[in-house]
Amino acid sequence: MSALVLNNLSKTYTKGAVIAVDNFSLKVEKGELFGLIGPDGAGKTSIFRMLTTLLLPDGGSATVDGYDIVKDYKAIRNRVGYMPGKFSLYQDMTIEENLDFFATVFGTTVQENYELIKDIYVQIEPFKDRRAGKLSGGMKQKLALCCALIHKPTVLFLDEPTTGVDSVSRKEFWEMLKRLKEQGITIMVSTPYMDEATLCDRIALMQTGKILSIDTPQNIISAYPENLYAIKSNKMFKLLKDLRQYENTLSCFAFGEYLHLSLVNDTQTTLNELNEWLKNNEHLNIEIKKIEATIEDCFIKLLNTQNANTGN
Amino acid sequence: MKQFFTFVKKEFYHVFRDKKTLLMLFGLPISMIILFGFALTNEIKNAKIVIVDYSKDVVTQQIISKIEASKYFDVERSLYSHEQLEAAFKEGKIKMAIVFPEKFNENLLHLNKAQVQVIADATDINTATTLSNYVSAIIGDYQIQLLKNKNVPMRIVPELRMLYNPQLKGEYTFIPGMMAMIMMLVCVMMTSISIVKEKELGTMEILLVSPFKPFMVILSKFVPYLIISLINVTSILLLSWLFLDLPVKGSILLFYAESLLFILTSLSLGLLISVNSESQQTAMFISLMATMLPTMLLSGFMFPIENMPLPLQTVSNLVPSKWFYIIVRSIMIKGSGFSAVWKETLILAGITFFLLIVSLKKFKIRLA
């Protein structure tokens, strides 16, 4: 039995005017670390809220651990852990008080499941008498994770747990998730950061409530159809403008300090021609190298394909 | 049960760690009592008045000494001219002037009629009316004394007796009213805000995705405010007993039981408001509208309900503070027992039950 099964799940707001989740179907196996990747407004939070029984779907169905999200909402509430996108603990209570409170709410004690949270809790333990409102972003997230884990959930829902957290804490956070996964907990996590996608077992790239692609990050990357080149010159802005007008350009967009480019007739000749053409267009220090696509490249590619298909 | 106590403990953390709110919770009743008890009173004490006596005979002397003896006036005797009087009024030096014309006693004896002029500064209507009433009363009193010495064939002497409040003290009406208002404010506003706060901060989202029962969260929210309100009731009672000389005449136990009922009514009203509002501001605004205005206007505390048009009288029946006000007045001032207030108690209990059922029905187990 799969841990999560979503069947044409749909959610609309303001009486159907806004479609947040559009016929969403996917399966997540037990013990999987599954990522929902997409920009703000892609419908990630709506999916989380439906799966945690906080919202009723407008269409389709879903089960969590085999329990229906509408009918068996009480059973689901007993067994899942949920960490909302916004920090949602009691700011006027200390770390220890928050943890004790949530442990008791779920009918357990901190001691009983201490093993599960130990790795995370030791990092914030020195500040256990500090009020939650006075913690840094990373510490808040660690505390929230502890509180969501304290009752040993079978499925853990983490809605953008790393948003607003520094890169070191983000990295630590993902390592913690890996360790939790080893304990057999199914984890569904969402993030707007494409670079975090590769850390999941499988991901769903999504945009405006629709799935663009579901696969392992590696498969998604290797499915990228063209060769991808990183290009740099002394005049980056001009380079982007020029390349977008170049006859053999298939797509070109800025990506950090490089431009990512794919070509129409991708041969060595075309590449040499491109080099010449750029030199004629007053570019110096030209650097062209072949690279492997990132998840973000794939996302943009999929987005363009989808827009082309729907005629936008 | 352990879960419930944890919830209650959490609520107490919230209350006691918010120092400003805490100060308001306990400071409000005390400052209200002090304000209304000592500063904002309808009674007038030591009003400056001038008595101009052109007659200076036995009768005027007797009347003046009676006026002087009253604690309401601070009397200055002088022989101001009319212009001087007006100047004194304009400067605001005096609130009232009493002028006895010449030959007051003579006129009284020979013509059976004498006139005394009472001039009051009516820019402040309440003071003017009250002061002139005091003077009329004093003069009327003196007249009755005069008549006793004469043989008048028939006369009607009204024997006034102000029951339960012989001195016509303002405290008798405002203490019960104040009590209703403070309990409403504290319970309605605080519960509604504290529940909406959980929605606003997102903690409700987490609580919903847990095995908790909505009823338990609500009940745990009730406990701290119930205790605070009982403390407030006690402090109001102590203040009014020690400083305003106004003890509870009836049974203290009954009084606390009725207060408890009213606190529950207020808490339920707060709950209903919180179920229907999404932000703390909305909750606060609705709470103020739903407590302050009806309690001030429609409970009978400031304006007599009997004088209102029928539709308003009907509406006032829905205001819980009206019933509590009647109950408190009966127990505290008249010293009545339960048999006198069972009807009001039943109505209050009915309102409470209704509010509680509706809000529990409307309590959302989901976000939307």
# chains A, B, ... in the order shown; residues from 1 in each chain; ligands from 1
>>> residues_around(residues="segment 292-308 of chain B", least_positions_apart="2", cutoff="6 Å", atoms="only C-alpha atoms", output="list in words")
Gly177, Leu288, Met289, Ser316, Ser321 and Lys322 of chain B
>>> interface_residues(of="chain A", to="chain B", cutoff="10 Å", atoms="only C-alpha atoms", output="PyMOL selection string")
chain A and resi 49-50+52-56+73-93+97-98+100-108+147-148+151
>>> write_last_selection(atoms="C-alpha atoms", output="compact mmCIF listing (two decimals), in the first residue's frame")
# COMPACT_ATOMS: atom_id res chain seq x y z
CA ARG A 49 -3.71 21.36 3.49
CA MET A 50 -5.92 18.89 1.66
CA THR A 52 -3.63 17.06 6.26
CA THR A 53 -7.45 17.29 6.16
CA LEU A 54 -7.43 21.04 6.73
CA LEU A 55 -9.16 21.72 3.43
CA LEU A 56 -11.78 19.73 1.59
CA TYR A 73 -9.94 12.77 8.79
CA LYS A 74 -9.73 11.89 12.47
CA ALA A 75 -7.52 8.87 11.82
CA ILE A 76 -5.23 10.94 9.62
CA ARG A 77 -4.96 13.69 12.22
CA ASN A 78 -3.81 11.07 14.71
CA ARG A 79 -0.94 9.77 12.64
CA VAL A 80 0.58 12.51 10.53
CA GLY A 81 3.04 15.24 11.42
CA TYR A 82 2.53 18.63 9.86
CA MET A 83 4.79 21.65 9.73
CA PRO A 84 3.06 24.60 8.06
CA GLY A 85 4.94 27.09 5.91
CA LYS A 86 4.51 29.85 8.43
CA PHE A 87 6.17 29.40 11.82
CA SER A 88 3.24 28.25 13.91
CA LEU A 89 4.37 27.62 17.44
CA TYR A 90 3.64 29.62 20.55
CA GLN A 91 6.04 32.56 20.47
CA ASP A 92 5.56 33.39 24.12
CA MET A 93 6.49 29.89 25.24
CA GLU A 97 7.34 24.34 26.89
CA ASN A 98 6.36 24.16 23.22
CA ASP A 100 6.11 19.46 26.07
CA PHE A 101 2.82 20.98 25.01
CA PHE A 102 2.73 19.33 21.60
CA ALA A 103 3.88 16.02 23.04
CA THR A 104 0.95 16.08 25.48
CA VAL A 105 -1.53 17.16 22.81
CA PHE A 106 -0.60 14.06 20.86
CA GLY A 107 -0.89 11.93 23.95
CA THR A 108 2.78 11.13 24.34
CA CYS A 147 7.20 19.41 17.48
CA ALA A 148 5.92 17.80 14.28
CA HIS A 151 4.45 11.78 18.28
>>> residues_around(residues="Gln281 of chain B", least_positions_apart="4", cutoff="10 Å", atoms="only C-alpha atoms", output="ChimeraX atom specification")
/B:193,196-197,277,285-287
>>> atom_distance(atom1="atom CA of Asp22 of chain A", atom2="atom CA of Leu9 of chain A")
6.9 Å
>>> residues_around(residues="Leu264 of chain B", least_positions_apart="6", cutoff="12 Å", atoms="only C-alpha atoms", output="JSON, numbers by chain")
{"B": [183, 184, 186, 187, 188, 191, 218, 219, 221, 222, 223, 225, 226, 227, 229, 230, 257, 258, 270, 271, 320, 324, 348, 349, 350, 351, 352, 353, 354, 355, 356]}
>>> residues_around(residues="Val5 of chain A", least_positions_apart="4", cutoff="8 Å", atoms="only C-alpha atoms", output="PyMOL selection string")
chain A and resi 25-28+62-64
>>> decode(residues="segment 193-234 of chain A", atoms="N, CA and C atoms", output="short mmCIF file (atom, residue, chain, number, x, y, z; two decimals), in the first residue's frame")
data_model
loop_
_atom_site.label_atom_id
_atom_site.label_comp_id
_atom_site.auth_asym_id
_atom_site.auth_seq_id
_atom_site.Cartn_x
_atom_site.Cartn_y
_atom_site.Cartn_z
N TYR A 193 12.99 26.21 -3.82
CA TYR A 193 14.40 26.20 -4.24
C TYR A 193 14.68 24.98 -5.10
N MET A 194 15.00 25.21 -6.36
CA MET A 194 15.23 24.11 -7.31
C MET A 194 16.46 23.30 -6.91
N ASP A 195 17.44 23.95 -6.27
CA ASP A 195 18.66 23.23 -5.95
C ASP A 195 18.43 22.17 -4.88
N GLU A 196 17.33 22.29 -4.14
CA GLU A 196 17.04 21.29 -3.11
C GLU A 196 16.37 20.07 -3.70
N ALA A 197 15.90 20.20 -4.94
CA ALA A 197 15.13 19.10 -5.56
C ALA A 197 15.95 17.83 -5.65
N THR A 198 17.25 17.96 -5.95
CA THR A 198 18.08 16.76 -6.14
C THR A 198 18.23 15.96 -4.85
N LEU A 199 17.88 16.55 -3.72
CA LEU A 199 18.02 15.86 -2.44
C LEU A 199 16.85 14.92 -2.17
N CYS A 200 15.78 15.00 -2.99
CA CYS A 200 14.60 14.15 -2.78
C CYS A 200 14.77 12.84 -3.57
N ASP A 201 14.01 11.81 -3.14
CA ASP A 201 14.00 10.56 -3.90
C ASP A 201 13.31 10.77 -5.24
N ARG A 202 12.10 11.34 -5.13
CA ARG A 202 11.37 11.67 -6.35
C ARG A 202 10.79 13.06 -6.17
N ILE A 203 10.56 13.73 -7.30
CA ILE A 203 9.99 15.07 -7.21
C ILE A 203 8.86 15.23 -8.21
N ALA A 204 7.97 16.16 -7.90
CA ALA A 204 6.97 16.58 -8.86
C ALA A 204 7.23 18.06 -9.13
N LEU A 205 7.55 18.37 -10.39
CA LEU A 205 7.69 19.78 -10.75
C LEU A 205 6.30 20.29 -11.05
N MET A 206 5.94 21.39 -10.42
CA MET A 206 4.57 21.85 -10.64
C MET A 206 4.48 23.35 -10.85
N GLN A 207 3.44 23.71 -11.57
CA GLN A 207 3.20 25.12 -11.91
C GLN A 207 1.70 25.30 -12.03
N THR A 208 1.15 26.38 -11.45
CA THR A 208 -0.28 26.69 -11.44
C THR A 208 -1.16 25.45 -11.25
N GLY A 209 -0.82 24.67 -10.23
CA GLY A 209 -1.68 23.56 -9.84
C GLY A 209 -1.55 22.32 -10.71
N LYS A 210 -0.71 22.39 -11.72
CA LYS A 210 -0.56 21.22 -12.61
C LYS A 210 0.82 20.60 -12.42
N ILE A 211 0.89 19.28 -12.70
CA ILE A 211 2.18 18.61 -12.65
C ILE A 211 2.86 18.74 -14.01
N LEU A 212 4.10 19.24 -14.01
CA LEU A 212 4.85 19.29 -15.26
C LEU A 212 5.55 17.97 -15.48
N SER A 213 6.06 17.39 -14.39
CA SER A 213 6.78 16.13 -14.53
C SER A 213 6.93 15.49 -13.15
N ILE A 214 6.81 14.18 -13.11
CA ILE A 214 7.11 13.45 -11.86
C ILE A 214 8.15 12.38 -12.17
N ASP A 215 9.26 12.40 -11.47
CA ASP A 215 10.27 11.37 -11.66
C ASP A 215 11.35 11.57 -10.60
N THR A 216 12.40 10.73 -10.69
CA THR A 216 13.53 11.00 -9.82
C THR A 216 14.25 12.21 -10.40
N PRO A 217 14.93 12.97 -9.56
CA PRO A 217 15.62 14.17 -10.08
C PRO A 217 16.58 13.79 -11.21
N GLN A 218 17.28 12.65 -11.07
CA GLN A 218 18.26 12.26 -12.08
C GLN A 218 17.59 12.00 -13.42
N ASN A 219 16.45 11.30 -13.39
CA ASN A 219 15.73 11.03 -14.64
C ASN A 219 15.24 12.30 -15.30
N ILE A 220 14.79 13.23 -14.48
CA ILE A 220 14.29 14.48 -15.03
C ILE A 220 15.43 15.23 -15.73
N ILE A 221 16.60 15.21 -15.07
CA ILE A 221 17.75 15.91 -15.64
C ILE A 221 18.20 15.24 -16.94
N SER A 222 18.26 13.89 -16.92
CA SER A 222 18.76 13.24 -18.13
C SER A 222 17.74 13.28 -19.26
N ALA A 223 16.48 13.60 -18.92
CA ALA A 223 15.48 13.70 -19.97
C ALA A 223 15.57 15.03 -20.70
N TYR A 224 16.49 15.90 -20.26
CA TYR A 224 16.59 17.21 -20.91
C TYR A 224 17.03 16.98 -22.35
N PRO A 225 16.25 17.45 -23.32
CA PRO A 225 16.45 17.00 -24.69
C PRO A 225 17.72 17.53 -25.39
N GLU A 226 18.09 18.77 -25.16
CA GLU A 226 19.22 19.33 -25.92
C GLU A 226 20.49 19.37 -25.08
N ASN A 227 21.58 19.69 -25.79
CA ASN A 227 22.81 20.02 -25.08
C ASN A 227 22.65 21.40 -24.48
N LEU A 228 23.33 21.62 -23.38
CA LEU A 228 23.19 22.92 -22.73
C LEU A 228 24.59 23.52 -22.59
N TYR A 229 24.72 24.80 -22.95
CA TYR A 229 26.01 25.46 -22.86
C TYR A 229 25.92 26.63 -21.90
N ALA A 230 26.99 26.81 -21.14
CA ALA A 230 27.09 28.01 -20.29
C ALA A 230 28.00 28.99 -21.03
N ILE A 231 27.54 30.20 -21.18
CA ILE A 231 28.30 31.20 -21.93
C ILE A 231 28.52 32.44 -21.08
N LYS A 232 29.68 33.03 -21.25
CA LYS A 232 30.02 34.22 -20.50
C LYS A 232 30.85 35.11 -21.40
N SER A 233 30.68 36.42 -21.29
CA SER A 233 31.58 37.33 -22.01
C SER A 233 31.75 38.58 -21.16
N ASN A 234 32.45 39.59 -21.68
CA ASN A 234 32.64 40.79 -20.86
C ASN A 234 31.40 41.68 -20.81
#
